[in-house]
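Below is final35.pdb, holding PDB, C-alpha atoms.
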ATOM      1  CA  MET A   1     108.309 -68.488 165.849
ATOM      2  CA  VAL A   2     107.869 -70.852 168.808
ATOM      3  CA  ILE A   3     111.200 -72.175 170.141
ATOM      4  CA  GLU A   4     111.648 -75.475 171.958
ATOM      5  CA  ARG A   5     114.744 -76.321 173.964
ATOM      6  CA  LEU A   6     115.426 -80.010 174.181
ATOM      7  CA  GLY A   7     111.836 -80.749 173.106
ATOM      8  CA  LYS A   8     110.195 -78.440 175.655
ATOM      9  CA  TYR A   9     108.641 -75.015 175.095
ATOM     10  CA  ASN A  10     111.182 -72.308 175.771
ATOM     11  CA  ARG A  11     109.948 -69.007 174.354
ATOM     12  CA  THR A  12     108.179 -67.269 171.487
ATOM     13  CA  LEU A  13     110.468 -65.200 169.324
ATOM     14  CA  PRO A  14     109.221 -61.735 168.324
ATOM     15  CA  THR A  15     109.995 -60.109 165.001
ATOM     16  CA  GLY A  16     113.511 -58.885 164.391
ATOM     17  CA  ILE A  17     116.912 -60.426 165.244
ATOM     18  CA  ASN A  18     116.899 -63.269 167.772
ATOM     19  CA  ILE A  19     119.693 -65.592 168.986
ATOM     20  CA  ILE A  20     119.115 -69.298 169.620
ATOM     21  CA  TRP A  21     121.406 -72.157 170.594
ATOM     22  CA  PRO A  22     122.000 -74.616 167.780
ATOM     23  CA  ILE A  23     121.215 -78.256 168.492
ATOM     24  CA  PHE A  24     119.547 -77.331 171.807
ATOM     25  CA  ASP A  25     116.983 -74.877 170.396
ATOM     26  CA  LYS A  26     114.824 -75.489 167.383
ATOM     27  CA  PRO A  27     111.511 -74.020 166.080
ATOM     28  CA  ARG A  28     108.291 -75.896 166.602
ATOM     29  CA  GLU A  29     106.536 -76.767 163.357
ATOM     30  CA  MET A  30     102.816 -76.285 162.805
ATOM     31  CA  PHE A  31     100.394 -77.024 159.991
ATOM     32  CA  TRP A  32      99.277 -74.164 157.759
ATOM     33  CA  ARG A  33      96.822 -73.972 154.916
ATOM     34  CA  PHE A  34      97.751 -72.758 151.439
ATOM     35  CA  VAL A  35      95.577 -72.121 148.387
ATOM     36  CA  LYS A  36      96.855 -71.958 144.828
ATOM     37  CA  GLN A  37      95.193 -71.813 141.438
ATOM     38  CA  ASP A  38      95.304 -74.812 139.121
ATOM     39  CA  VAL A  39      97.094 -74.127 135.856
ATOM     40  CA  GLY A  40      94.473 -76.119 133.943
ATOM     41  CA  ILE A  41      91.671 -74.781 131.795
ATOM     42  CA  GLU A  42      89.124 -74.623 134.587
ATOM     43  CA  GLY A  43      91.476 -72.832 136.972
ATOM     44  CA  LYS A  44      90.134 -74.455 140.144
ATOM     45  CA  SER A  45      91.590 -73.649 143.535
ATOM     46  CA  ILE A  46      93.833 -76.299 145.059
ATOM     47  CA  ILE A  47      94.052 -76.398 148.849
ATOM     48  CA  THR A  48      97.191 -77.866 150.424
ATOM     49  CA  THR A  49      98.424 -78.169 154.010
ATOM     50  CA  LYS A  50     102.108 -77.810 154.810
ATOM     51  CA  THR A  51     104.248 -77.544 157.916
ATOM     52  CA  VAL A  52     105.781 -74.154 158.655
ATOM     53  CA  THR A  53     107.943 -72.746 161.405
ATOM     54  CA  LYS A  54     107.017 -69.073 161.057
ATOM     55  CA  ILE A  55     103.551 -68.142 162.349
ATOM     56  CA  ASP A  56     101.713 -65.389 160.490
ATOM     57  CA  LEU A  57      99.960 -63.085 162.972
ATOM     58  CA  ARG A  58      98.076 -61.180 160.295
ATOM     59  CA  GLU A  59      94.360 -61.705 159.647
ATOM     60  CA  THR A  60      93.897 -64.804 157.501
ATOM     61  CA  VAL A  61      91.067 -65.712 155.140
ATOM     62  CA  TYR A  62      89.931 -69.316 154.795
ATOM     63  CA  GLU A  63      87.484 -70.217 152.037
ATOM     64  CA  PHE A  64      85.935 -73.620 152.535
ATOM     65  CA  PRO A  65      84.567 -75.796 149.731
ATOM     66  CA  LYS A  66      80.833 -76.223 149.285
ATOM     67  CA  GLN A  67      79.129 -78.619 151.628
ATOM     68  CA  ASN A  68      75.648 -80.094 151.755
ATOM     69  CA  VAL A  69      73.464 -79.111 154.688
ATOM     70  CA  ILE A  70      69.852 -79.991 155.465
ATOM     71  CA  THR A  71      67.417 -77.332 156.605
ATOM     72  CA  LYS A  72      64.704 -77.725 159.197
ATOM     73  CA  ASP A  73      62.127 -78.514 156.483
ATOM     74  CA  ASN A  74      64.380 -81.287 155.058
ATOM     75  CA  VAL A  75      65.711 -79.429 152.011
ATOM     76  CA  GLY A  76      69.289 -80.253 150.986
ATOM     77  CA  THR A  77      71.280 -77.107 150.226
ATOM     78  CA  GLU A  78      74.861 -76.381 149.169
ATOM     79  CA  ILE A  79      76.615 -73.673 151.190
ATOM     80  CA  ASN A  80      80.183 -72.419 151.221
ATOM     81  CA  ALA A  81      81.559 -70.036 153.812
ATOM     82  CA  ILE A  82      84.497 -67.702 154.331
ATOM     83  CA  ILE A  83      86.073 -67.184 157.729
ATOM     84  CA  TYR A  84      88.382 -64.326 158.762
ATOM     85  CA  PHE A  85      90.534 -65.122 161.781
ATOM     86  CA  GLN A  86      93.776 -64.036 163.399
ATOM     87  CA  ILE A  87      96.242 -65.860 165.644
ATOM     88  CA  THR A  88      96.604 -63.953 168.911
ATOM     89  CA  ASP A  89      98.613 -66.500 170.937
ATOM     90  CA  PRO A  90     101.192 -68.515 168.925
ATOM     91  CA  LYS A  91     101.919 -70.848 171.858
ATOM     92  CA  LYS A  92      98.257 -71.958 172.119
ATOM     93  CA  ALA A  93      97.990 -72.234 168.332
ATOM     94  CA  VAL A  94     100.912 -74.692 168.355
ATOM     95  CA  TYR A  95     100.327 -76.722 171.525
ATOM     96  CA  GLU A  96      96.549 -76.662 172.132
ATOM     97  CA  ILE A  97      95.606 -78.122 168.733
ATOM     98  CA  SER A  98      97.514 -80.437 166.453
ATOM     99  CA  ASN A  99      96.205 -79.151 163.123
ATOM    100  CA  LEU A 100      94.766 -75.665 163.434
ATOM    101  CA  PRO A 101      93.520 -75.171 159.816
ATOM    102  CA  ASP A 102      91.777 -78.548 159.786
ATOM    103  CA  ALA A 103      90.237 -77.902 163.197
ATOM    104  CA  ILE A 104      88.863 -74.517 162.076
ATOM    105  CA  GLU A 105      87.445 -76.025 158.885
ATOM    106  CA  LYS A 106      85.755 -78.944 160.624
ATOM    107  CA  LEU A 107      84.375 -76.745 163.377
ATOM    108  CA  THR A 108      82.987 -74.325 160.809
ATOM    109  CA  GLN A 109      81.304 -77.112 158.865
ATOM    110  CA  THR A 110      79.707 -78.770 161.895
ATOM    111  CA  THR A 111      78.575 -75.439 163.337
ATOM    112  CA  LEU A 112      77.123 -74.444 159.983
ATOM    113  CA  ARG A 113      75.155 -77.705 159.813
ATOM    114  CA  ASN A 114      73.779 -77.149 163.298
ATOM    115  CA  VAL A 115      72.762 -73.556 162.614
ATOM    116  CA  ILE A 116      71.135 -74.322 159.239
ATOM    117  CA  GLY A 117      69.358 -77.333 160.738
ATOM    118  CA  GLU A 118      67.430 -74.967 163.032
ATOM    119  CA  LEU A 119      66.136 -72.818 160.147
ATOM    120  CA  ASP A 120      63.680 -73.339 157.305
ATOM    121  CA  LEU A 121      64.812 -72.812 153.726
ATOM    122  CA  ASP A 122      63.132 -69.401 153.521
ATOM    123  CA  GLN A 123      64.778 -68.332 156.770
ATOM    124  CA  THR A 124      68.137 -69.607 155.526
ATOM    125  CA  LEU A 125      67.888 -67.503 152.366
ATOM    126  CA  THR A 126      66.808 -64.337 154.193
ATOM    127  CA  SER A 127      68.769 -64.573 157.465
ATOM    128  CA  ARG A 128      72.415 -64.462 156.430
ATOM    129  CA  ASP A 129      73.290 -61.909 159.080
ATOM    130  CA  THR A 130      71.759 -64.109 161.782
ATOM    131  CA  ILE A 131      73.641 -67.184 160.525
ATOM    132  CA  ASN A 132      76.914 -65.251 160.337
ATOM    133  CA  ALA A 133      76.491 -63.955 163.893
ATOM    134  CA  LYS A 134      75.774 -67.447 165.292
ATOM    135  CA  LEU A 135      78.743 -68.961 163.455
ATOM    136  CA  ARG A 136      81.081 -66.221 164.653
ATOM    137  CA  ALA A 137      79.967 -66.609 168.278
ATOM    138  CA  VAL A 138      80.525 -70.396 168.298
ATOM    139  CA  LEU A 139      83.838 -70.283 166.417
ATOM    140  CA  ASP A 140      85.201 -67.424 168.487
ATOM    141  CA  GLU A 141      84.365 -69.232 171.723
ATOM    142  CA  ALA A 142      86.089 -72.433 170.567
ATOM    143  CA  GLY A 143      88.989 -70.596 168.942
ATOM    144  CA  HIS A 144      89.807 -68.714 172.142
ATOM    145  CA  LYS A 145      91.304 -71.934 173.551
ATOM    146  CA  TRP A 146      93.443 -72.262 170.423
ATOM    147  CA  GLY A 147      94.764 -68.705 170.585
ATOM    148  CA  VAL A 148      92.623 -67.671 167.601
ATOM    149  CA  LYS A 149      90.321 -64.658 167.273
ATOM    150  CA  VAL A 150      87.488 -65.105 164.743
ATOM    151  CA  ASN A 151      86.662 -61.687 163.317
ATOM    152  CA  ARG A 152      84.013 -62.420 160.679
ATOM    153  CA  VAL A 153      82.181 -65.300 159.075
ATOM    154  CA  GLU A 154      80.454 -64.804 155.720
ATOM    155  CA  LEU A 155      78.248 -67.100 153.647
ATOM    156  CA  GLN A 156      79.195 -66.856 149.988
ATOM    157  CA  ASP A 157      76.575 -68.936 148.216
ATOM    158  CA  ILE A 158      73.390 -70.712 149.240
ATOM    159  CA  ASN A 159      72.291 -73.024 146.413
ATOM    160  CA  PRO A 160      69.075 -74.997 146.878
ATOM    161  CA  PRO A 161      68.379 -77.892 144.466
ATOM    162  CA  GLN A 162      67.295 -77.035 140.928
ATOM    163  CA  GLU A 163      63.725 -78.246 141.432
ATOM    164  CA  ILE A 164      63.415 -76.142 144.586
ATOM    165  CA  ARG A 165      64.697 -73.058 142.731
ATOM    166  CA  ALA A 166      62.195 -73.699 139.921
ATOM    167  CA  ALA A 167      59.374 -74.018 142.460
ATOM    168  CA  MET A 168      60.498 -70.805 144.173
ATOM    169  CA  GLU A 169      60.534 -68.962 140.853
ATOM    170  CA  LYS A 170      57.005 -70.171 140.111
ATOM    171  CA  GLN A 171      55.923 -69.054 143.560
ATOM    172  CA  MET A 172      57.493 -65.643 143.001
ATOM    173  CA  ARG A 173      55.727 -65.270 139.654
ATOM    174  CA  ALA A 174      52.445 -66.358 141.229
ATOM    175  CA  GLU A 175      52.886 -63.823 144.028
ATOM    176  CA  ARG A 176      53.656 -61.067 141.531
ATOM    177  CA  ASP A 177      50.630 -61.979 139.395
ATOM    178  CA  LYS A 178      48.513 -62.040 142.534
ATOM    179  CA  ARG A 179      49.724 -58.589 143.599
ATOM    180  CA  ALA A 180      49.131 -57.273 140.068
ATOM    181  CA  LYS A 181      45.560 -58.607 140.050
ATOM    182  CA  ILE A 182      44.923 -57.194 143.519
ATOM    183  CA  LEU A 183      46.211 -53.785 142.463
ATOM    184  CA  GLU A 184      44.122 -53.905 139.281
ATOM    185  CA  ALA A 185      40.998 -54.901 141.245
ATOM    186  CA  GLU A 186      41.631 -52.128 143.767
ATOM    187  CA  GLY A 187      42.063 -49.661 140.913
ATOM    188  CA  ASN A 188      38.779 -50.750 139.303
ATOM    189  CA  LYS A 189      37.069 -50.536 142.676
ATOM    190  CA  GLN A 190      38.370 -47.030 143.261
ATOM    191  CA  SER A 191      37.306 -46.058 139.750
ATOM    192  CA  GLN A 192      33.790 -47.378 140.335
ATOM    193  CA  VAL A 193      33.610 -45.641 143.690
ATOM    194  CA  LEU A 194      34.706 -42.350 142.157
ATOM    195  CA  GLN A 195      32.281 -42.796 139.261
ATOM    196  CA  SER A 196      29.387 -43.565 141.610
ATOM    197  CA  GLU A 197      30.298 -40.580 143.753
ATOM    198  CA  GLY A 198      30.369 -38.427 140.620
ATOM    199  CA  ASN A 199      26.958 -39.728 139.523
ATOM    200  CA  LYS A 200      25.682 -39.106 143.026
ATOM    201  CA  GLU A 201      26.952 -35.531 143.004
ATOM    202  CA  ALA A 202      25.440 -34.985 139.533
ATOM    203  CA  ALA A 203      22.067 -36.380 140.624
ATOM    204  CA  ILE A 204      22.153 -34.196 143.735
ATOM    205  CA  ASN A 205      22.978 -31.138 141.665
ATOM    206  CA  ILE A 206      20.158 -31.919 139.204
ATOM    207  CA  ALA A 207      17.688 -32.482 142.037
ATOM    208  CA  GLU A 208      18.769 -29.263 143.715
ATOM    209  CA  GLY A 209      18.399 -27.427 140.390
ATOM    210  CA  VAL A 210      14.897 -28.835 139.832
ATOM    211  CA  ALA A 211      13.954 -27.942 143.408
ATOM    212  CA  GLN A 212      15.294 -24.402 142.984
ATOM    213  CA  ALA A 213      13.414 -24.073 139.679
ATOM    214  CA  ARG A 214      10.168 -25.191 141.297
ATOM    215  CA  ILE A 215      10.712 -22.817 144.187
ATOM    216  CA  ARG A 216      11.356 -19.932 141.792
ATOM    217  CA  THR A 217       8.260 -20.879 139.728
ATOM    218  CA  ALA A 218       6.136 -21.072 142.843
ATOM    219  CA  GLN A 219       7.500 -17.749 144.043
ATOM    220  CA  GLY A 220       6.707 -16.200 140.636
ATOM    221  CA  GLU A 221       3.182 -17.598 140.650
ATOM    222  CA  ALA A 222       2.691 -16.404 144.214
ATOM    223  CA  GLU A 223       3.834 -12.905 143.279
ATOM    224  CA  ALA A 224       1.567 -12.957 140.181
ATOM    225  CA  ILE A 225      -1.432 -14.096 142.190
ATOM    226  CA  GLN A 226      -0.678 -11.459 144.820
ATOM    227  CA  LYS A 227      -0.539  -8.712 142.198
ATOM    228  CA  ILE A 228      -3.739 -10.002 140.513
ATOM    229  CA  THR A 229      -5.457 -10.093 143.870
ATOM    230  CA  GLN A 230      -4.371  -6.549 144.623
ATOM    231  CA  ALA A 231      -5.530  -5.316 141.188
ATOM    232  CA  ILE A 232      -8.889  -7.084 141.309
ATOM    233  CA  GLY A 233      -9.405  -6.177 144.947
ATOM    234  CA  SER A 234      -9.064  -2.505 144.065
ATOM    235  CA  ALA A 235     -11.960  -2.975 141.549
ATOM    236  CA  LYS A 236     -14.111  -4.520 144.286
ATOM    237  CA  SER A 237     -14.491  -7.801 142.393
ATOM    238  CA  ASP A 238     -13.883 -11.414 143.403
ATOM    239  CA  PRO A 239     -10.379 -12.506 142.270
ATOM    240  CA  VAL A 240     -11.264 -16.189 142.679
ATOM    241  CA  ASN A 241     -13.626 -16.092 139.698
ATOM    242  CA  TYR A 242     -10.921 -14.552 137.570
ATOM    243  CA  LEU A 243      -8.335 -17.159 138.437
ATOM    244  CA  ILE A 244     -10.738 -20.052 137.920
ATOM    245  CA  ALA A 245     -11.803 -18.675 134.552
ATOM    246  CA  VAL A 246      -8.167 -18.382 133.428
ATOM    247  CA  ARG A 247      -7.486 -21.995 134.424
ATOM    248  CA  TYR A 248     -10.601 -23.175 132.578
ATOM    249  CA  ILE A 249      -9.654 -21.327 129.421
ATOM    250  CA  ASP A 250      -6.080 -22.729 129.514
ATOM    251  CA  LYS A 251      -7.269 -26.306 129.909
ATOM    252  CA  LEU A 252      -9.884 -25.832 127.217
ATOM    253  CA  GLY A 253      -7.180 -24.676 124.813
ATOM    254  CA  GLU A 254      -5.143 -27.813 125.562
ATOM    255  CA  MET A 255      -8.170 -30.025 124.916
ATOM    256  CA  VAL A 256      -8.805 -28.667 121.406
ATOM    257  CA  SER A 257      -5.162 -28.240 120.379
ATOM    258  CA  GLY A 258      -4.705 -31.810 119.027
ATOM    259  CA  LYS A 259      -3.811 -32.262 115.361
ATOM    260  CA  ASP A 260      -6.494 -34.836 114.440
ATOM    261  CA  ASN A 261      -9.011 -34.139 117.173
ATOM    262  CA  LYS A 262     -12.541 -34.472 115.759
ATOM    263  CA  VAL A 263     -14.244 -34.647 119.110
ATOM    264  CA  ILE A 264     -14.156 -31.865 121.658
ATOM    265  CA  TYR A 265     -15.015 -32.696 125.262
ATOM    266  CA  MET A 266     -16.739 -30.013 127.218
ATOM    267  CA  PRO A 267     -17.182 -30.182 130.992
ATOM    268  CA  TYR A 268     -20.612 -31.179 132.196
ATOM    269  CA  GLU A 269     -20.819 -28.018 134.223
ATOM    270  CA  ALA A 270     -20.163 -25.760 131.227
ATOM    271  CA  THR A 271     -22.164 -23.011 132.902
ATOM    272  CA  ALA A 272     -19.213 -22.654 135.324
ATOM    273  CA  ILE A 273     -17.032 -21.496 132.460
ATOM    274  CA  LEU A 274     -19.654 -19.098 131.266
ATOM    275  CA  SER A 275     -20.148 -17.719 134.729
ATOM    276  CA  SER A 276     -16.340 -17.310 135.066
ATOM    277  CA  ILE A 277     -16.231 -15.515 131.735
ATOM    278  CA  GLY A 278     -19.091 -13.387 132.923
ATOM    279  CA  GLY A 279     -17.077 -12.580 136.028
ATOM    280  CA  ILE A 280     -14.171 -11.466 133.857
ATOM    281  CA  LYS A 281     -16.606  -9.276 131.882
ATOM    282  CA  ASP A 282     -17.887  -7.686 135.061
ATOM    283  CA  LEU A 283     -14.302  -7.168 136.207
ATOM    284  CA  LEU A 284     -13.312  -5.400 133.009
ATOM    285  CA  THR A 285     -16.522  -3.298 133.004
ATOM    286  CA  ALA A 286     -15.878  -2.210 136.570
ATOM    287  CA  LYS A 287     -12.258  -1.469 135.760
ATOM    288  CA  SER A 288     -13.182   0.726 132.766
ATOM    289  CA  LYS A 289     -15.634   2.736 134.889
TER     290      LYS A 289
END
Go ahead and render the structure in this file as structure tokens.
Amino acid sequence: MVIERLGKYNRTLPTGINIIWPIFDKPREMFWRFVKQDVGIEGKSIITTKTVTKIDLRETVYEFPKQNVITKDNVGTEINAIIYFQITDPKKAVYEISNLPDAIEKLTQTTLRNVIGELDLDQTLTSRDTINAKLRAVLDEAGHKWGVKVNRVELQDINPPQEIRAAMEKQMRAERDKRAKILEAEGNKQSQVLQSEGNKEAAINIAEGVAQARIRTAQGEAEAIQKITQAIGSAKSDPVNYLIAVRYIDKLGEMVSGKDNKVIYMPYEATAILSSIGGIKDLLTAKSK
């Protein structure tokens, strides 16, 4: 309680028992803000301002009604805020400002308009901590002169117009559909890449298998020719005639093996076959001897 003596500040009474002089001393009144619930069906909050003589030094919560603010990109938005403050100097709270609750409310509203006016709508919706910090800094600096310490400022609701909310919802759905299509396309791409890599590995394995088979066949033929050469060389005969005769006989068998073949083609140099066969005969005769 702030005591005035003959209309001039005298002292601030602490809690407990205090003695004052009647008629000469009287408490200084100040405005204070009260909130009560309406007894009607809707139950709305009713804000009233009354004069009091006792100053509450506890932390106080002020909830301000919604107000329209305009963002940097010219979008009208409804915002309501809550401020937590505490009176630290009762003398300043009484003498430095005539109506402390009204001053805090108006300062909060104007500061909120200035802060929101520097931000786009998207920044306003995603930067509540930044807005709260700016509001607290401005209010605390101004409230220091009034003997008030602003502890926290919180934004309760940020309500853009209905058409803006509908557009934002469409944008969100479009972004989600876009991300879904991108993920699906990336999945198909990865699937195709994996499939192509698998086909590539299969083709490489097949080619390597064919190459290994050819190498093994060539090695087998080389070993067979080497053994034939060694066997024929021991009989003192020419192994070339033997090999040529075998090739001629194989090809001749293929030529006459058709189902409906009525014509048989013989090489013009048929005597080469006969001479090869004769070479085989000589080889066998020499081998038997």
Take the PyMOL selection byres ((chain A and resi 80-85) around 9), apply it to the structure above, and return the hits as a ChimeraX atom specification.
/A:58-68,78-79,86-87,104,108-109,112,136,140,148-158
May I ask for the distance between CA of Asn74 in chain A and CA of Leu139 in chain A, given in Å to one decimal place?
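That distance, rounded to one decimal, is 25.1 Å.
Here CA of Pro22 in chain A stands at a distance of 24.0 Å from CA of Lys50 in chain A.
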May I ask for the distance between CA of Asn99 in chain A and CA of Thr53 in chain A, given in Å to one decimal place?
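Atom-to-atom, CA of Asn99 in chain A and CA of Thr53 in chain A are spaced 13.5 Å apart.
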Centre and size of axis-aligned box enclosing range 92-103 of chain A plus 3 Å each side, as lines of an AutoDock Vina configuration file:
center_x = 95.6
center_y = -76.2
center_z = 166.0
size_x = 16.7
size_y = 14.5
size_z = 18.3
Matched chain/residue IDs from the PyMOL selection byres ((chain A and resi 89) around 12), as a list in words
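Applying the PyMOL selection byres ((chain A and resi 89) around 12) to the structure shown produces Met1, Val2, Thr12, Pro14, Ile55, Asp56, Leu57, Arg58, Gln86, Ile87, Thr88, Pro90, Lys91, Lys92, Ala93, Val94, Tyr95, Glu96, Gly143, His144, Lys145, Trp146, Gly147, Val148 and Lys149 of chain A.
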Go ahead and dump the residues you just picked, C-alpha atoms, as a PDB file, keeping the file's coordinate frame.
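out-v6.pdb, written as the output of this step:
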ATOM      1  CA  MET A   1     108.309 -68.488 165.849  1.00  0.00           C
ATOM      2  CA  VAL A   2     107.869 -70.852 168.808  1.00  0.00           C
ATOM      3  CA  THR A  12     108.179 -67.269 171.487  1.00  0.00           C
ATOM      4  CA  PRO A  14     109.221 -61.735 168.324  1.00  0.00           C
ATOM      5  CA  ILE A  55     103.551 -68.142 162.349  1.00  0.00           C
ATOM      6  CA  ASP A  56     101.713 -65.389 160.490  1.00  0.00           C
ATOM      7  CA  LEU A  57      99.960 -63.085 162.972  1.00  0.00           C
ATOM      8  CA  ARG A  58      98.076 -61.180 160.295  1.00  0.00           C
ATOM      9  CA  GLN A  86      93.776 -64.036 163.399  1.00  0.00           C
ATOM     10  CA  ILE A  87      96.242 -65.860 165.644  1.00  0.00           C
ATOM     11  CA  THR A  88      96.604 -63.953 168.911  1.00  0.00           C
ATOM     12  CA  PRO A  90     101.192 -68.515 168.925  1.00  0.00           C
ATOM     13  CA  LYS A  91     101.919 -70.848 171.858  1.00  0.00           C
ATOM     14  CA  LYS A  92      98.257 -71.958 172.119  1.00  0.00           C
ATOM     15  CA  ALA A  93      97.990 -72.234 168.332  1.00  0.00           C
ATOM     16  CA  VAL A  94     100.912 -74.692 168.355  1.00  0.00           C
ATOM     17  CA  TYR A  95     100.327 -76.722 171.525  1.00  0.00           C
ATOM     18  CA  GLU A  96      96.549 -76.662 172.132  1.00  0.00           C
ATOM     19  CA  GLY A 143      88.989 -70.596 168.942  1.00  0.00           C
ATOM     20  CA  HIS A 144      89.807 -68.714 172.142  1.00  0.00           C
ATOM     21  CA  LYS A 145      91.304 -71.934 173.551  1.00  0.00           C
ATOM     22  CA  TRP A 146      93.443 -72.262 170.423  1.00  0.00           C
ATOM     23  CA  GLY A 147      94.764 -68.705 170.585  1.00  0.00           C
ATOM     24  CA  VAL A 148      92.623 -67.671 167.601  1.00  0.00           C
ATOM     25  CA  LYS A 149      90.321 -64.658 167.273  1.00  0.00           C
TER      26      LYS A 149
END
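Residue membership of the PyMOL selection byres ((chain A and resi 32) around 10) in the shown file amounts to Glu29, Met30, Phe31, Arg33, Phe34, Thr48, Thr49, Lys50, Thr51, Val52, Thr53, Lys54, Ile55, Asp56, Asn99, Leu100, Pro101 and Asp102 of chain A.
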Block slice range 63-80 of chain A, N, CA and C atoms, emitted as a CSV table (one decimal), in the first residue's frame:
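This went into selection.csv:
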chain,number,residue,atom,x,y,z
A,63,GLU,N,-4.6,-11.6,-20.0
A,63,GLU,CA,-5.0,-12.1,-21.3
A,63,GLU,C,-5.8,-11.0,-22.1
A,64,PHE,N,-5.2,-10.7,-23.3
A,64,PHE,CA,-5.8,-9.6,-24.0
A,64,PHE,C,-6.8,-10.2,-25.1
A,65,PRO,N,-7.8,-9.5,-25.4
A,65,PRO,CA,-8.7,-10.0,-26.5
A,65,PRO,C,-8.0,-10.0,-27.9
A,66,LYS,N,-8.6,-10.7,-28.8
A,66,LYS,CA,-8.1,-10.8,-30.1
A,66,LYS,C,-8.0,-9.5,-30.8
A,67,GLN,N,-7.0,-9.3,-31.6
A,67,GLN,CA,-6.9,-8.1,-32.3
A,67,GLN,C,-6.4,-8.4,-33.7
A,68,ASN,N,-6.7,-7.5,-34.7
A,68,ASN,CA,-6.4,-7.7,-36.1
A,68,ASN,C,-5.0,-7.0,-36.3
A,69,VAL,N,-4.1,-7.8,-36.9
A,69,VAL,CA,-2.8,-7.3,-37.3
A,69,VAL,C,-2.6,-7.6,-38.8
A,70,ILE,N,-1.7,-6.9,-39.4
A,70,ILE,CA,-1.4,-7.1,-40.8
A,70,ILE,C,0.0,-7.5,-41.0
A,71,THR,N,0.3,-8.6,-41.7
A,71,THR,CA,1.6,-9.0,-41.9
A,71,THR,C,2.3,-8.2,-43.0
A,72,LYS,N,3.6,-8.6,-43.2
A,72,LYS,CA,4.4,-7.9,-44.2
A,72,LYS,C,3.8,-8.1,-45.6
A,73,ASP,N,3.2,-9.3,-45.8
A,73,ASP,CA,2.7,-9.5,-47.1
A,73,ASP,C,1.2,-9.2,-47.2
A,74,ASN,N,0.7,-8.3,-46.3
A,74,ASN,CA,-0.6,-7.7,-46.4
A,74,ASN,C,-1.7,-8.7,-46.2
A,75,VAL,N,-1.5,-9.6,-45.2
A,75,VAL,CA,-2.5,-10.6,-44.8
A,75,VAL,C,-3.0,-10.2,-43.4
A,76,GLY,N,-4.4,-10.0,-43.3
A,76,GLY,CA,-5.0,-9.7,-42.0
A,76,GLY,C,-5.1,-10.9,-41.1
A,77,THR,N,-4.6,-10.9,-39.9
A,77,THR,CA,-4.6,-12.0,-39.0
A,77,THR,C,-5.1,-11.6,-37.6
A,78,GLU,N,-5.8,-12.5,-37.0
A,78,GLU,CA,-6.3,-12.3,-35.6
A,78,GLU,C,-5.3,-13.0,-34.7
A,79,ILE,N,-4.8,-12.2,-33.7
A,79,ILE,CA,-3.9,-12.7,-32.7
A,79,ILE,C,-4.3,-12.3,-31.3
A,80,ASN,N,-4.2,-13.2,-30.4
A,80,ASN,CA,-4.4,-12.8,-29.0
A,80,ASN,C,-3.2,-13.2,-28.2
